[in-house]
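Raw contents of model-v4.txt, compact mmCIF, C-alpha atoms and all ligand atoms:
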# COMPACT_ATOMS: atom_id res chain seq x y z
CA MET A 140 8.41 -0.34 -28.00
CA LYS A 141 6.21 -1.75 -25.24
CA HIS A 142 3.11 0.18 -24.36
CA TYR A 143 1.18 0.14 -21.07
CA ARG A 144 -2.24 1.63 -20.36
CA ILE A 145 -2.46 3.18 -16.90
CA ALA A 146 -5.68 4.39 -15.23
CA ALA A 147 -4.88 7.23 -12.83
CA ILE A 148 -7.40 7.89 -10.04
CA PRO A 149 -5.95 10.77 -7.98
CA ALA A 150 -9.23 11.20 -5.98
CA ASP A 151 -9.15 13.24 -2.75
CA GLY A 152 -7.00 15.43 -0.48
CA ILE A 153 -3.29 15.14 -1.29
CA GLY A 154 -4.07 12.32 -3.76
CA PRO A 155 -3.95 14.65 -6.82
CA GLU A 156 -0.69 16.23 -5.56
CA VAL A 157 1.18 12.95 -5.13
CA ILE A 158 -0.24 11.31 -8.26
CA ALA A 159 0.88 14.32 -10.36
CA ALA A 160 4.36 13.89 -8.84
CA GLY A 161 4.31 10.14 -9.54
CA LEU A 162 3.26 10.64 -13.17
CA GLN A 163 6.06 13.17 -13.65
CA ALA A 164 8.61 10.62 -12.39
CA LEU A 165 7.11 7.84 -14.53
CA GLU A 166 7.32 10.06 -17.61
CA ALA A 167 10.99 10.82 -16.88
CA LEU A 168 11.65 7.08 -16.48
CA ALA A 169 9.93 6.14 -19.74
CA ARG A 170 11.92 8.80 -21.60
CA ARG A 171 15.18 7.69 -20.02
CA ASP A 172 14.48 3.99 -20.66
CA GLY A 173 13.31 4.32 -24.25
CA GLY A 174 11.92 0.77 -24.25
CA PHE A 175 8.38 1.43 -23.05
CA ARG A 176 5.68 4.06 -23.22
CA LEU A 177 2.89 4.80 -20.72
CA GLU A 178 -0.50 5.90 -21.91
CA VAL A 179 -2.25 7.46 -18.91
CA GLU A 180 -5.96 8.17 -18.65
CA SER A 181 -7.13 10.11 -15.58
CA PHE A 182 -10.49 9.56 -13.89
CA ASP A 183 -12.16 12.27 -11.78
CA TRP A 184 -13.75 9.78 -9.38
CA GLY A 185 -13.78 10.48 -5.63
CA SER A 186 -15.55 12.75 -3.16
CA ASP A 187 -16.14 15.65 -5.62
CA TYR A 188 -17.71 13.17 -8.02
CA TYR A 189 -19.84 11.88 -5.11
CA ARG A 190 -21.09 15.39 -4.27
CA LYS A 191 -22.18 15.85 -7.90
CA HIS A 192 -23.50 12.37 -8.71
CA GLY A 193 -24.28 10.67 -5.38
CA ALA A 194 -21.76 7.89 -6.09
CA MET A 195 -17.97 7.73 -5.82
CA MET A 196 -17.64 6.39 -9.36
CA PRO A 197 -20.00 5.56 -12.22
CA GLU A 198 -21.88 2.28 -12.11
CA ASP A 199 -19.71 0.82 -14.87
CA GLY A 200 -16.52 2.12 -13.18
CA THR A 201 -14.80 -1.20 -12.59
CA GLU A 202 -15.89 -2.41 -16.04
CA ARG A 203 -14.09 0.58 -17.60
CA LEU A 204 -10.95 -0.12 -15.60
CA LYS A 205 -10.68 -3.66 -16.96
CA ALA A 206 -9.14 -2.33 -20.17
CA PHE A 207 -6.04 -1.06 -18.32
CA ASP A 208 -2.75 -2.75 -17.45
CA ALA A 209 -2.60 -1.11 -14.01
CA ILE A 210 -4.35 1.42 -11.78
CA PHE A 211 -2.43 4.27 -10.13
CA PHE A 212 -4.49 5.45 -7.15
CA GLY A 213 -4.06 8.51 -4.88
CA ALA A 214 -6.18 8.60 -1.73
CA VAL A 215 -9.84 8.69 -0.88
CA GLY A 216 -11.61 10.43 2.00
CA ALA A 217 -13.12 13.85 2.67
CA PRO A 218 -14.10 15.60 5.90
CA ASP A 219 -17.75 16.00 4.83
CA VAL A 220 -18.34 12.47 3.46
CA PRO A 221 -18.45 9.49 5.85
CA ASP A 222 -15.33 7.32 5.52
CA HIS A 223 -17.27 4.09 4.99
CA ILE A 224 -18.93 5.67 1.93
CA THR A 225 -15.69 6.86 0.36
CA LEU A 226 -13.88 3.59 1.06
CA TRP A 227 -16.67 1.19 0.08
CA GLY A 228 -17.65 3.41 -2.85
CA LEU A 229 -14.32 3.45 -4.64
CA ARG A 230 -11.23 1.71 -3.27
CA LEU A 231 -12.75 -1.51 -1.92
CA PRO A 232 -14.96 -2.26 -4.96
CA ILE A 233 -11.81 -2.11 -7.08
CA CYS A 234 -9.75 -4.31 -4.71
CA GLN A 235 -12.53 -6.82 -4.23
CA GLY A 236 -14.03 -6.65 -7.74
CA PHE A 237 -10.63 -7.36 -9.27
CA ASP A 238 -9.77 -9.97 -6.64
CA GLN A 239 -6.54 -8.13 -5.76
CA TYR A 240 -6.05 -10.51 -2.88
CA ALA A 241 -2.38 -9.86 -2.18
CA ASN A 242 -1.65 -6.47 -0.71
CA VAL A 243 2.13 -6.02 -0.68
CA ARG A 244 3.61 -3.35 1.59
CA PRO A 245 7.39 -2.98 1.62
CA THR A 246 9.02 -0.86 4.33
CA LYS A 247 12.63 0.04 4.87
CA ILE A 248 14.55 2.95 6.28
CA LEU A 249 15.79 4.96 3.32
CA PRO A 250 19.20 6.66 3.48
CA GLY A 251 18.99 10.11 5.06
CA ILE A 252 15.70 9.35 6.86
CA ARG A 253 15.77 8.98 10.62
CA SER A 254 13.65 6.28 12.25
CA PRO A 255 12.00 7.25 15.55
CA LEU A 256 13.63 4.08 16.92
CA ALA A 257 16.92 4.86 18.67
CA GLY A 258 19.96 3.29 17.05
CA VAL A 259 18.04 1.86 14.10
CA GLY A 260 19.23 2.87 10.63
CA PRO A 261 19.14 1.67 7.00
CA GLY A 262 19.62 -2.10 6.90
CA ASP A 263 18.16 -2.62 10.40
CA LEU A 264 14.56 -2.49 9.19
CA ASP A 265 13.76 -4.01 5.81
CA TRP A 266 10.36 -5.70 5.72
CA VAL A 267 7.61 -6.67 3.32
CA ILE A 268 4.17 -7.01 4.86
CA VAL A 269 1.73 -9.18 2.90
CA ARG A 270 -1.85 -8.32 3.76
CA GLU A 271 -4.77 -10.60 2.92
CA ASN A 272 -6.86 -8.21 0.86
CA SER A 273 -10.07 -9.98 -0.11
CA GLU A 274 -11.81 -11.29 3.01
CA GLY A 275 -11.16 -11.54 6.75
CA GLU A 276 -12.39 -8.67 8.88
CA TYR A 277 -13.09 -6.46 5.82
CA ALA A 278 -15.31 -8.97 4.03
CA GLY A 279 -18.24 -6.61 4.56
CA CYS A 280 -20.28 -9.29 6.25
CA GLY A 281 -22.59 -8.16 9.02
CA GLY A 282 -25.52 -5.92 9.65
CA ARG A 283 -27.47 -3.65 11.94
CA ALA A 284 -30.84 -4.31 13.52
CA HIS A 285 -33.20 -2.32 15.76
CA ARG A 286 -31.52 0.91 14.61
CA GLY A 287 -31.65 3.73 17.12
CA LEU A 288 -33.38 1.62 19.77
CA PRO A 289 -31.72 0.71 23.06
CA GLU A 290 -31.46 -2.91 21.93
CA GLU A 291 -29.70 -1.97 18.67
CA VAL A 292 -27.18 -4.55 17.49
CA GLY A 293 -24.31 -4.31 15.00
CA THR A 294 -22.29 -7.28 13.75
CA GLU A 295 -19.07 -7.33 11.75
CA VAL A 296 -18.25 -10.91 10.89
CA ALA A 297 -14.72 -11.85 9.84
CA ILE A 298 -14.74 -14.40 7.01
CA PHE A 299 -11.83 -16.77 6.49
CA THR A 300 -12.02 -19.33 3.70
CA ARG A 301 -9.63 -22.20 2.99
CA VAL A 302 -9.18 -20.90 -0.56
CA GLY A 303 -8.50 -17.34 0.63
CA VAL A 304 -6.06 -18.27 3.38
CA THR A 305 -4.21 -20.87 1.31
CA ARG A 306 -3.59 -18.51 -1.59
CA ILE A 307 -2.30 -15.66 0.58
CA MET A 308 -0.03 -18.04 2.52
CA ARG A 309 1.39 -19.40 -0.75
CA TYR A 310 1.95 -15.88 -2.02
CA ALA A 311 3.74 -14.89 1.21
CA PHE A 312 5.91 -18.01 1.36
CA ARG A 313 6.86 -17.54 -2.31
CA LEU A 314 7.78 -13.90 -1.67
CA ALA A 315 9.81 -14.83 1.43
CA GLN A 316 11.58 -17.49 -0.62
CA ALA A 317 12.55 -14.89 -3.23
CA ARG A 318 14.14 -12.58 -0.63
CA PRO A 319 17.70 -13.22 0.55
CA ARG A 320 16.84 -14.10 4.17
CA LYS A 321 14.00 -16.53 3.28
CA LEU A 322 12.29 -15.65 6.53
CA LEU A 323 8.52 -15.40 7.11
CA THR A 324 6.54 -14.41 10.19
CA VAL A 325 2.86 -15.41 10.25
CA VAL A 326 0.82 -13.00 12.39
CA THR A 327 -2.18 -14.45 14.18
CA LYS A 328 -4.56 -14.02 17.11
CA SER A 329 -5.52 -17.66 17.55
CA ASN A 330 -5.34 -17.49 21.33
CA ALA A 331 -8.45 -15.31 21.53
CA GLN A 332 -10.12 -16.03 18.17
CA ARG A 333 -10.44 -19.76 18.11
CA HIS A 334 -12.17 -20.47 14.80
CA GLY A 335 -10.99 -18.54 11.76
CA MET A 336 -7.61 -17.74 13.27
CA VAL A 337 -6.95 -21.35 14.27
CA MET A 338 -7.72 -22.39 10.70
CA TRP A 339 -5.33 -19.59 9.54
CA ASP A 340 -2.54 -21.13 11.65
CA GLU A 341 -3.27 -24.67 10.44
CA ILE A 342 -3.18 -23.63 6.79
CA ALA A 343 0.10 -21.71 7.38
CA ALA A 344 1.65 -24.93 8.70
CA GLU A 345 0.31 -26.93 5.72
CA VAL A 346 1.61 -24.46 3.13
CA ALA A 347 4.97 -24.22 4.95
CA ARG A 348 5.63 -27.85 3.99
CA GLU A 349 5.74 -26.77 0.32
CA PHE A 350 8.58 -24.34 1.16
CA PRO A 351 11.16 -26.29 3.18
CA ASP A 352 13.83 -23.64 2.50
CA VAL A 353 11.79 -20.87 4.16
CA THR A 354 12.25 -20.38 7.90
CA TRP A 355 8.98 -19.32 9.47
CA ASP A 356 7.53 -18.47 12.84
CA LYS A 357 4.22 -17.37 14.31
CA MET A 358 3.48 -14.23 16.35
CA LEU A 359 0.36 -13.02 18.12
CA VAL A 360 -0.53 -9.63 16.69
CA ASP A 361 -0.18 -7.81 20.02
CA ALA A 362 3.28 -9.23 20.62
CA MET A 363 4.13 -8.40 17.01
CA THR A 364 3.89 -4.64 17.71
CA VAL A 365 6.50 -5.11 20.46
CA ARG A 366 8.82 -7.14 18.21
CA MET A 367 8.54 -4.61 15.38
CA THR A 368 9.53 -1.86 17.78
CA LEU A 369 12.23 -3.59 19.83
CA LYS A 370 13.70 -6.16 17.43
CA PRO A 371 13.10 -4.86 13.90
CA LYS A 372 16.07 -6.77 12.48
CA SER A 373 14.53 -10.11 13.49
CA LEU A 374 11.79 -9.67 10.84
CA ASP A 375 11.78 -9.89 7.05
CA THR A 376 8.57 -11.00 5.30
CA ILE A 377 5.35 -10.82 7.29
CA VAL A 378 1.88 -12.15 6.46
CA ALA A 379 -1.24 -11.03 8.32
CA THR A 380 -5.00 -10.72 7.97
CA ASN A 381 -6.71 -7.76 6.35
CA LEU A 382 -7.21 -5.89 9.65
CA HIS A 383 -3.98 -6.90 11.39
CA ALA A 384 -1.80 -5.97 8.42
CA ASP A 385 -3.70 -2.72 7.95
CA ILE A 386 -2.71 -1.66 11.44
CA LEU A 387 0.80 -3.15 11.46
CA SER A 388 1.73 -1.49 8.19
CA ASP A 389 0.88 1.98 9.52
CA LEU A 390 3.18 1.20 12.44
CA ALA A 391 5.81 -0.01 9.98
CA GLY A 392 5.51 3.23 7.99
CA ALA A 393 5.92 5.33 11.14
CA LEU A 394 8.94 3.28 12.27
CA ALA A 395 10.53 3.84 8.86
CA GLY A 396 10.15 7.60 9.32
CA SER A 397 6.70 8.59 8.06
CA LEU A 398 3.48 7.36 6.54
CA GLY A 399 4.53 9.55 3.61
CA VAL A 400 7.13 7.00 2.50
CA ALA A 401 4.97 3.86 2.77
CA PRO A 402 3.72 2.27 -0.49
CA THR A 403 1.26 -0.52 -1.23
CA ALA A 404 0.40 -2.72 -4.20
CA ASN A 405 -2.97 -4.46 -4.51
CA ILE A 406 -2.08 -7.42 -6.66
CA ASP A 407 -4.11 -9.96 -8.57
CA PRO A 408 -1.30 -12.52 -8.79
CA GLU A 409 -3.15 -14.47 -11.50
CA ARG A 410 -3.29 -11.31 -13.67
CA ARG A 411 -6.95 -11.76 -14.58
CA PHE A 412 -7.54 -8.06 -13.79
CA PRO A 413 -5.46 -4.89 -13.49
CA SER A 414 -3.64 -4.53 -10.18
CA MET A 415 -3.76 -1.26 -8.24
CA PHE A 416 -0.83 0.74 -6.87
CA GLU A 417 -1.15 3.47 -4.23
CA PRO A 418 0.52 5.12 -1.27
CA ILE A 419 -0.67 3.71 2.08
CA HIS A 420 -1.58 7.13 3.42
CA GLY A 421 -4.96 8.79 3.15
CA SER A 422 -6.12 12.24 2.06
CA ALA A 423 -4.14 14.06 4.81
CA PHE A 424 -6.61 16.93 5.25
CA ASP A 425 -4.15 18.81 7.47
CA ILE A 426 -1.64 19.37 4.65
CA THR A 427 -3.86 19.31 1.55
CA GLY A 428 -3.04 22.15 -0.85
CA LYS A 429 0.08 23.22 1.03
CA GLY A 430 2.46 21.67 -1.49
CA ILE A 431 4.35 19.70 1.17
CA ALA A 432 2.92 16.19 0.75
CA ASN A 433 5.69 13.63 0.68
CA PRO A 434 5.65 12.02 -2.79
CA ILE A 435 8.02 9.15 -1.87
CA ALA A 436 5.29 6.62 -1.04
CA THR A 437 3.83 7.31 -4.49
CA PHE A 438 7.23 6.95 -6.20
CA TRP A 439 7.76 3.66 -4.38
CA THR A 440 4.36 2.29 -5.42
CA ALA A 441 5.10 3.48 -9.00
CA SER A 442 8.24 1.35 -8.78
CA GLN A 443 6.11 -1.62 -7.65
CA MET A 444 3.84 -0.95 -10.64
CA LEU A 445 6.78 -1.00 -13.08
CA GLU A 446 8.02 -4.24 -11.54
CA HIS A 447 4.55 -5.76 -11.97
CA LEU A 448 4.33 -4.56 -15.58
CA GLY A 449 7.64 -6.30 -16.33
CA GLU A 450 9.99 -3.30 -16.26
CA PRO A 451 12.37 -4.24 -13.40
CA ALA A 452 15.21 -2.00 -14.65
CA ALA A 453 13.02 1.11 -14.61
CA ALA A 454 11.59 0.05 -11.22
CA ALA A 455 15.09 -0.23 -9.76
CA ARG A 456 16.16 3.06 -11.35
CA LEU A 457 13.25 4.87 -9.71
CA MET A 458 14.13 3.54 -6.25
CA ALA A 459 17.81 4.34 -6.79
CA ALA A 460 16.82 7.91 -7.70
CA VAL A 461 14.62 8.19 -4.59
CA GLU A 462 17.43 6.89 -2.36
CA GLN A 463 19.91 9.31 -3.94
CA VAL A 464 17.58 12.23 -3.21
CA THR A 465 16.82 11.19 0.39
CA ALA A 466 20.55 10.65 1.03
CA GLN A 467 21.15 14.23 -0.15
CA GLY A 468 18.70 15.44 2.52
CA ILE A 469 16.07 16.72 0.08
CA LEU A 470 13.14 15.84 2.35
CA THR A 471 9.60 17.06 3.00
CA PRO A 472 8.67 18.32 6.52
CA ASP A 473 7.12 14.98 7.67
CA ILE A 474 10.62 13.46 7.57
CA GLY A 475 12.40 16.44 9.03
CA GLY A 476 13.17 18.50 5.92
CA THR A 477 11.93 21.75 4.39
CA ALA A 478 11.54 20.72 0.75
CA THR A 479 8.23 20.93 -1.09
CA THR A 480 6.58 18.15 -3.08
CA ARG A 481 7.77 19.87 -6.25
CA GLU A 482 11.38 20.17 -5.08
CA VAL A 483 11.57 16.48 -4.13
CA THR A 484 9.89 15.49 -7.41
CA ASP A 485 12.20 17.65 -9.53
CA ALA A 486 15.24 16.22 -7.70
CA VAL A 487 14.04 12.63 -8.29
CA CYS A 488 13.38 13.36 -12.00
CA GLU A 489 16.84 14.95 -12.31
CA ALA A 490 18.40 11.85 -10.71
CA ILE A 491 16.47 9.63 -13.14
CA ARG A 492 17.87 11.64 -16.06
CA SER A 493 21.43 11.53 -14.71
CA ALA A 494 23.77 9.11 -16.42
CA ASN A 495 24.86 6.96 -13.48
CA LEU A 496 21.57 5.39 -12.36
N1 LIG B 501 -6.09 4.31 0.95
C1 LIG B 501 -6.78 5.42 1.24
O1 LIG B 501 -7.32 6.04 0.34
C2 LIG B 501 -6.85 5.88 2.67
C3 LIG B 501 -5.98 5.42 3.63
C4 LIG B 501 -6.05 5.96 4.93
C5 LIG B 501 -6.98 6.94 5.22
N2 LIG B 501 -7.84 7.36 4.24
C6 LIG B 501 -8.77 8.47 4.48
O2 LIG B 501 -8.02 9.69 4.51
C7 LIG B 501 -8.65 10.58 5.43
C8 LIG B 501 -7.65 11.05 6.48
O3 LIG B 501 -7.25 9.92 7.24
P1 LIG B 501 -6.14 9.91 8.36
O4 LIG B 501 -5.91 11.32 8.84
O5 LIG B 501 -6.49 8.86 9.31
O6 LIG B 501 -4.80 9.39 7.62
P2 LIG B 501 -3.81 10.14 6.64
O7 LIG B 501 -2.89 9.10 6.09
O8 LIG B 501 -4.55 10.94 5.65
O9 LIG B 501 -2.97 11.14 7.57
C9 LIG B 501 -2.36 10.76 8.79
C10 LIG B 501 -1.21 11.73 9.10
O10 LIG B 501 -0.10 11.45 8.25
C11 LIG B 501 0.26 12.60 7.52
N3 LIG B 501 0.57 12.20 6.14
C12 LIG B 501 -0.09 11.25 5.42
N4 LIG B 501 0.44 11.18 4.19
C13 LIG B 501 1.43 12.09 4.13
C14 LIG B 501 2.34 12.48 3.11
N5 LIG B 501 2.33 11.93 1.88
N6 LIG B 501 3.22 13.46 3.39
C15 LIG B 501 3.26 14.02 4.60
N7 LIG B 501 2.44 13.70 5.61
C16 LIG B 501 1.53 12.73 5.36
C17 LIG B 501 -0.97 13.51 7.53
O11 LIG B 501 -0.59 14.86 7.35
C18 LIG B 501 -1.57 13.19 8.87
O12 LIG B 501 -0.98 14.00 9.87
C19 LIG B 501 -9.86 9.84 6.02
O13 LIG B 501 -10.99 10.22 5.30
C20 LIG B 501 -9.53 8.38 5.78
O14 LIG B 501 -10.65 7.57 5.66
C21 LIG B 501 -7.78 6.87 2.98

Produce C-alpha cells that represent the structure in this file.
Amino acid sequence: MKHYRIAAIPADGIGPEVIAAGLQALEALARRDGGFRLEVESFDWGSDYYRKHGAMMPEDGTERLKAFDAIFFGAVGAPDVPDHITLWGLRLPICQGFDQYANVRPTKILPGIRSPLAGVGPGDLDWVIVRENSEGEYAGCGGRAHRGLPEEVGTEVAIFTRVGVTRIMRYAFRLAQARPRKLLTVVTKSNAQRHGMVMWDEIAAEVAREFPDVTWDKMLVDAMTVRMTLKPKSLDTIVATNLHADILSDLAGALAGSLGVAPTANIDPERRFPSMFEPIHGSAFDITGKGIANPIATFWTASQMLEHLGEPAAAARLMAAVEQVTAQGILTPDIGGTATTREVTDAVCEAIRSANL
C-alpha cells in the first residue's frame, strides 16, 4: 500500500472548518480506494500562534514541512493582525521557500450551480488559470523611506526574470497541450508596462515555438476581464503574472458561482519540495463559526493534491462525488442553497462510498 505524508495547516477563520471537511473526504477516499493511506499531521500555525509567539510559524517551520509529500492549507488572515503580516509570515514563505512557482487554478461551472452570467451553464466556462507564483509584482522588492514625513516614499518593484517567465510559460503551454482544446491565452499589460511585460510577451512567443500544436493568443489584462465576462467559452488555459492572475482568478471564481468553489494548487513542478494545496478564498470573517462555509473549493484542491501525488483515480472519484452532490442541489448558502458544511461533506463522503463512482 502506498503511503503519503500530508501536513495540514488549517490556520485562520473558516480554514479549520473547510480543512476538517477536506480531511474527512480524503479519509473516505483512501478507505474506498484501498491502495493508499494518508498520514496527516496538523500544525497550529496562523494568527493564534502569532498572538502567542509573535510569529506566524516557528523559525524552522519550512524546514519541518520538507519531510512531507504535500501541504493542505486552509486560509490565513485575522481582523486584528495586519494582512501583510499574516500573508508574509506563513503562506508566502512556504510558496517562495519551496519555489512553488506554478499556481494552478481550475474553474468550471459545476452541475446545479448557477453562474451570475445569463445563459452560461456547465460546459460554457471551463478554464485553468496558471499564475506565476514566485516573482513579478509579489517579489517583495521595494521599500519605504522618510516614514511619516510629507515626502514619504513607498516603492513596490515588480521583478520579472528570464528564468522565471520561461518556466511558467513552458508549464502553461504544456498544460494547454494536455487539455482537449489546446488553447492558451497569455495575459499581459505590455502597452503600459514597457519593460518586464514586454519581455513577458517576447518569452511567450519564444516558448510558443516549442508547442506548434497549441493555439495561443495575447490579451491585455483589462480587456481580459471583459472577455471572461462576455465570451467565457472563447477561453481555456490562461497564463498571467502573480498580480494579474490573483485578481482574474477571483473573478473566475465569482463567475463560476462563488469563491467558495475555487481551488488552487501551488506546485513545484520539479518536485524538489512539497507542493501546497488550498482553497482560493480567505478566512471569511463574516461566516466564521457559522457552519456554512462552502467546502467545495477544499474538496477540489484535495483532488488536485491526489492528482499530484499520483492517485488520479481517487482524484477523479472525488470530483465525481462533488458533481453528484451539487447536481442534487445540496448547496451551501453562498451558491443559493441552505445546506451546512457538514451536510455537504457528509453527502460527498456518502457519494464516495457509493458503488457507482
Ligand atoms: N490564501 C489565503 O489565505 C487568503 C486569501 C484571500 C484572503 N485572505 C485573508 O482572508 C481575510 C478575509 O479576506 P476577504 O474578505 O478579502 O476574502 P474572503 O475570501 O475571506 O471572503 C470574501 C467573501 O467570500 C465569502 N467566502 C469566501 N470563502 C467562502 C466559502 N468557502 N464559503 C462561503 N463563502 C465564502 C466570504 O464570506 C466573503 O463574503 C483577510 O485577512 C485576507 O487577507 C487570505

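Relative to CA of Met358 (chain A), CA of Leu256 (chain A) is found at 20.9 Å.
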
Top pick for closest residue to Arg318 (chain A), considering A:Gly428, A:Pro245, A:Pro232, A:Gly152 and counting only C-alpha atoms:
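Looking at the shortest contact to Arg318 (chain A), the residue is A:Pro245.
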
Select from chain A every residue with an atom at most 9 Å from any atom of ligand LIG 501 (chain B), then for each give the shortest pair of atoms and their distance in Å to one decimal, using only C-alpha atoms and all ligand atoms, rows by chain and rising number, as JSON lines.
{"residue": "A:Ala150", "atom": "CA", "partner": "B:LIG501", "partner_atom": "O1", "distance": 8.4}
{"residue": "A:Asp151", "atom": "CA", "partner": "B:LIG501", "partner_atom": "O1", "distance": 8.0}
{"residue": "A:Gly152", "atom": "CA", "partner": "B:LIG501", "partner_atom": "O2", "distance": 7.7}
{"residue": "A:Ile153", "atom": "CA", "partner": "B:LIG501", "partner_atom": "N5", "distance": 7.2}
{"residue": "A:Gly154", "atom": "CA", "partner": "B:LIG501", "partner_atom": "O1", "distance": 8.2}
{"residue": "A:Val157", "atom": "CA", "partner": "B:LIG501", "partner_atom": "N5", "distance": 7.2}
{"residue": "A:Phe212", "atom": "CA", "partner": "B:LIG501", "partner_atom": "O1", "distance": 8.0}
{"residue": "A:Gly213", "atom": "CA", "partner": "B:LIG501", "partner_atom": "O1", "distance": 6.6}
{"residue": "A:Ala214", "atom": "CA", "partner": "B:LIG501", "partner_atom": "O1", "distance": 3.5}
{"residue": "A:Val215", "atom": "CA", "partner": "B:LIG501", "partner_atom": "O1", "distance": 3.9}
{"residue": "A:Gly216", "atom": "CA", "partner": "B:LIG501", "partner_atom": "O13", "distance": 3.4}
{"residue": "A:Ala217", "atom": "CA", "partner": "B:LIG501", "partner_atom": "O13", "distance": 5.0}
{"residue": "A:Pro218", "atom": "CA", "partner": "B:LIG501", "partner_atom": "O13", "distance": 6.2}
{"residue": "A:Asp219", "atom": "CA", "partner": "B:LIG501", "partner_atom": "O13", "distance": 8.9}
{"residue": "A:Val220", "atom": "CA", "partner": "B:LIG501", "partner_atom": "O13", "distance": 7.9}
{"residue": "A:Pro221", "atom": "CA", "partner": "B:LIG501", "partner_atom": "O13", "distance": 7.5}
{"residue": "A:Asp222", "atom": "CA", "partner": "B:LIG501", "partner_atom": "O14", "distance": 4.7}
{"residue": "A:His223", "atom": "CA", "partner": "B:LIG501", "partner_atom": "O14", "distance": 7.5}
{"residue": "A:Thr225", "atom": "CA", "partner": "B:LIG501", "partner_atom": "O14", "distance": 7.3}
{"residue": "A:Leu226", "atom": "CA", "partner": "B:LIG501", "partner_atom": "O14", "distance": 6.9}
{"residue": "A:Leu229", "atom": "CA", "partner": "B:LIG501", "partner_atom": "O1", "distance": 9.0}
{"residue": "A:Arg230", "atom": "CA", "partner": "B:LIG501", "partner_atom": "O1", "distance": 6.9}
{"residue": "A:Asp389", "atom": "CA", "partner": "B:LIG501", "partner_atom": "O7", "distance": 8.8}
{"residue": "A:Ser397", "atom": "CA", "partner": "B:LIG501", "partner_atom": "N7", "distance": 7.1}
{"residue": "A:Leu398", "atom": "CA", "partner": "B:LIG501", "partner_atom": "C12", "distance": 5.4}
{"residue": "A:Gly399", "atom": "CA", "partner": "B:LIG501", "partner_atom": "N5", "distance": 3.7}
{"residue": "A:Val400", "atom": "CA", "partner": "B:LIG501", "partner_atom": "N5", "distance": 6.9}
{"residue": "A:Ala401", "atom": "CA", "partner": "B:LIG501", "partner_atom": "N5", "distance": 8.5}
{"residue": "A:Glu417", "atom": "CA", "partner": "B:LIG501", "partner_atom": "N1", "distance": 7.2}
{"residue": "A:Pro418", "atom": "CA", "partner": "B:LIG501", "partner_atom": "N1", "distance": 7.0}
{"residue": "A:Ile419", "atom": "CA", "partner": "B:LIG501", "partner_atom": "N1", "distance": 5.6}
{"residue": "A:His420", "atom": "CA", "partner": "B:LIG501", "partner_atom": "O7", "distance": 3.6}
{"residue": "A:Gly421", "atom": "CA", "partner": "B:LIG501", "partner_atom": "O8", "distance": 3.3}
{"residue": "A:Ser422", "atom": "CA", "partner": "B:LIG501", "partner_atom": "O2", "distance": 4.0}
{"residue": "A:Ala423", "atom": "CA", "partner": "B:LIG501", "partner_atom": "O8", "distance": 3.3}
{"residue": "A:Phe424", "atom": "CA", "partner": "B:LIG501", "partner_atom": "C8", "distance": 6.1}
{"residue": "A:Asp425", "atom": "CA", "partner": "B:LIG501", "partner_atom": "O11", "distance": 5.3}
{"residue": "A:Ile426", "atom": "CA", "partner": "B:LIG501", "partner_atom": "O11", "distance": 5.4}
{"residue": "A:Thr427", "atom": "CA", "partner": "B:LIG501", "partner_atom": "O11", "distance": 8.0}
{"residue": "A:Ile431", "atom": "CA", "partner": "B:LIG501", "partner_atom": "N6", "distance": 6.7}
{"residue": "A:Ala432", "atom": "CA", "partner": "B:LIG501", "partner_atom": "N6", "distance": 3.8}
{"residue": "A:Asn433", "atom": "CA", "partner": "B:LIG501", "partner_atom": "N6", "distance": 3.7}
{"residue": "A:Pro434", "atom": "CA", "partner": "B:LIG501", "partner_atom": "N5", "distance": 5.7}
{"residue": "A:Ile435", "atom": "CA", "partner": "B:LIG501", "partner_atom": "N5", "distance": 7.4}
{"residue": "A:Ala436", "atom": "CA", "partner": "B:LIG501", "partner_atom": "N5", "distance": 6.7}
{"residue": "A:Thr437", "atom": "CA", "partner": "B:LIG501", "partner_atom": "N5", "distance": 8.0}
{"residue": "A:Thr471", "atom": "CA", "partner": "B:LIG501", "partner_atom": "C15", "distance": 7.2}
{"residue": "A:Pro472", "atom": "CA", "partner": "B:LIG501", "partner_atom": "C15", "distance": 7.2}
{"residue": "A:Asp473", "atom": "CA", "partner": "B:LIG501", "partner_atom": "C15", "distance": 5.0}
{"residue": "A:Ile474", "atom": "CA", "partner": "B:LIG501", "partner_atom": "C15", "distance": 8.0}
{"residue": "A:Thr480", "atom": "CA", "partner": "B:LIG501", "partner_atom": "N6", "distance": 8.7}

Closest of A:Phe416, A:Trp227, A:Tyr277, A:Tyr188 to Asp208 (chain A), counting only C-alpha atoms, is A:Phe416

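The list of residues with at least one atom within 8 Å of Ala395 (chain A), based on only C-alpha atoms and without residues fewer than 3 positions apart in the same chain, reads Thr246, Lys247, Ile248, Leu249, Ile252, Arg253, Ser254, Pro255, Leu264, Ala391, Gly392 and Val400 of chain A.
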
**Prompt:** Of the residues A:Val302, A:Ala331, A:Val360, A:Ile158, which is the one nearest to Phe438 (chain A), using all atoms listed in the file?
**Reply:**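 When distances to Phe438 (chain A) are compared using all atoms listed in the file, the smallest one comes from A:Ile158.
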
* To do: Extract, using all atoms listed in the file, all DNA, RNA and protein residues at most 10 Å from Arg411 (chain A), discarding same-chain residues fewer than 2 positions from it, and format them as number ranges by chain.
  => A: 205, 237-239, 407-409, 413-414

Judged by all atoms listed in the file, the minimum distance to Thr300 (chain A) among A:His334, A:His447, A:Arg283, A:Lys357 is found for A:His334

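Neighbourhood of point (-16.0, -7.4, 10.2): residues with an atom at most 8 Å away, counting only C-alpha atoms, are Gly275, Glu276, Tyr277, Ala278, Gly279, Cys280, Gly281, Thr294, Glu295, Val296, Ala297 and Ile298 of chain A.
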
Save the residues we just selected, C-alpha atoms, as an mmCIF file, in the coordinates of the input?
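The result, written out as selection-v4.cif:
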data_model
loop_
_atom_site.group_PDB
_atom_site.id
_atom_site.type_symbol
_atom_site.label_atom_id
_atom_site.label_comp_id
_atom_site.auth_asym_id
_atom_site.auth_seq_id
_atom_site.Cartn_x
_atom_site.Cartn_y
_atom_site.Cartn_z
ATOM 1 C CA GLY A 275 -11.160 -11.540 6.750
ATOM 2 C CA GLU A 276 -12.390 -8.670 8.880
ATOM 3 C CA TYR A 277 -13.090 -6.460 5.820
ATOM 4 C CA ALA A 278 -15.310 -8.970 4.030
ATOM 5 C CA GLY A 279 -18.240 -6.610 4.560
ATOM 6 C CA CYS A 280 -20.280 -9.290 6.250
ATOM 7 C CA GLY A 281 -22.590 -8.160 9.020
ATOM 8 C CA THR A 294 -22.290 -7.280 13.750
ATOM 9 C CA GLU A 295 -19.070 -7.330 11.750
ATOM 10 C CA VAL A 296 -18.250 -10.910 10.890
ATOM 11 C CA ALA A 297 -14.720 -11.850 9.840
ATOM 12 C CA ILE A 298 -14.740 -14.400 7.010
#
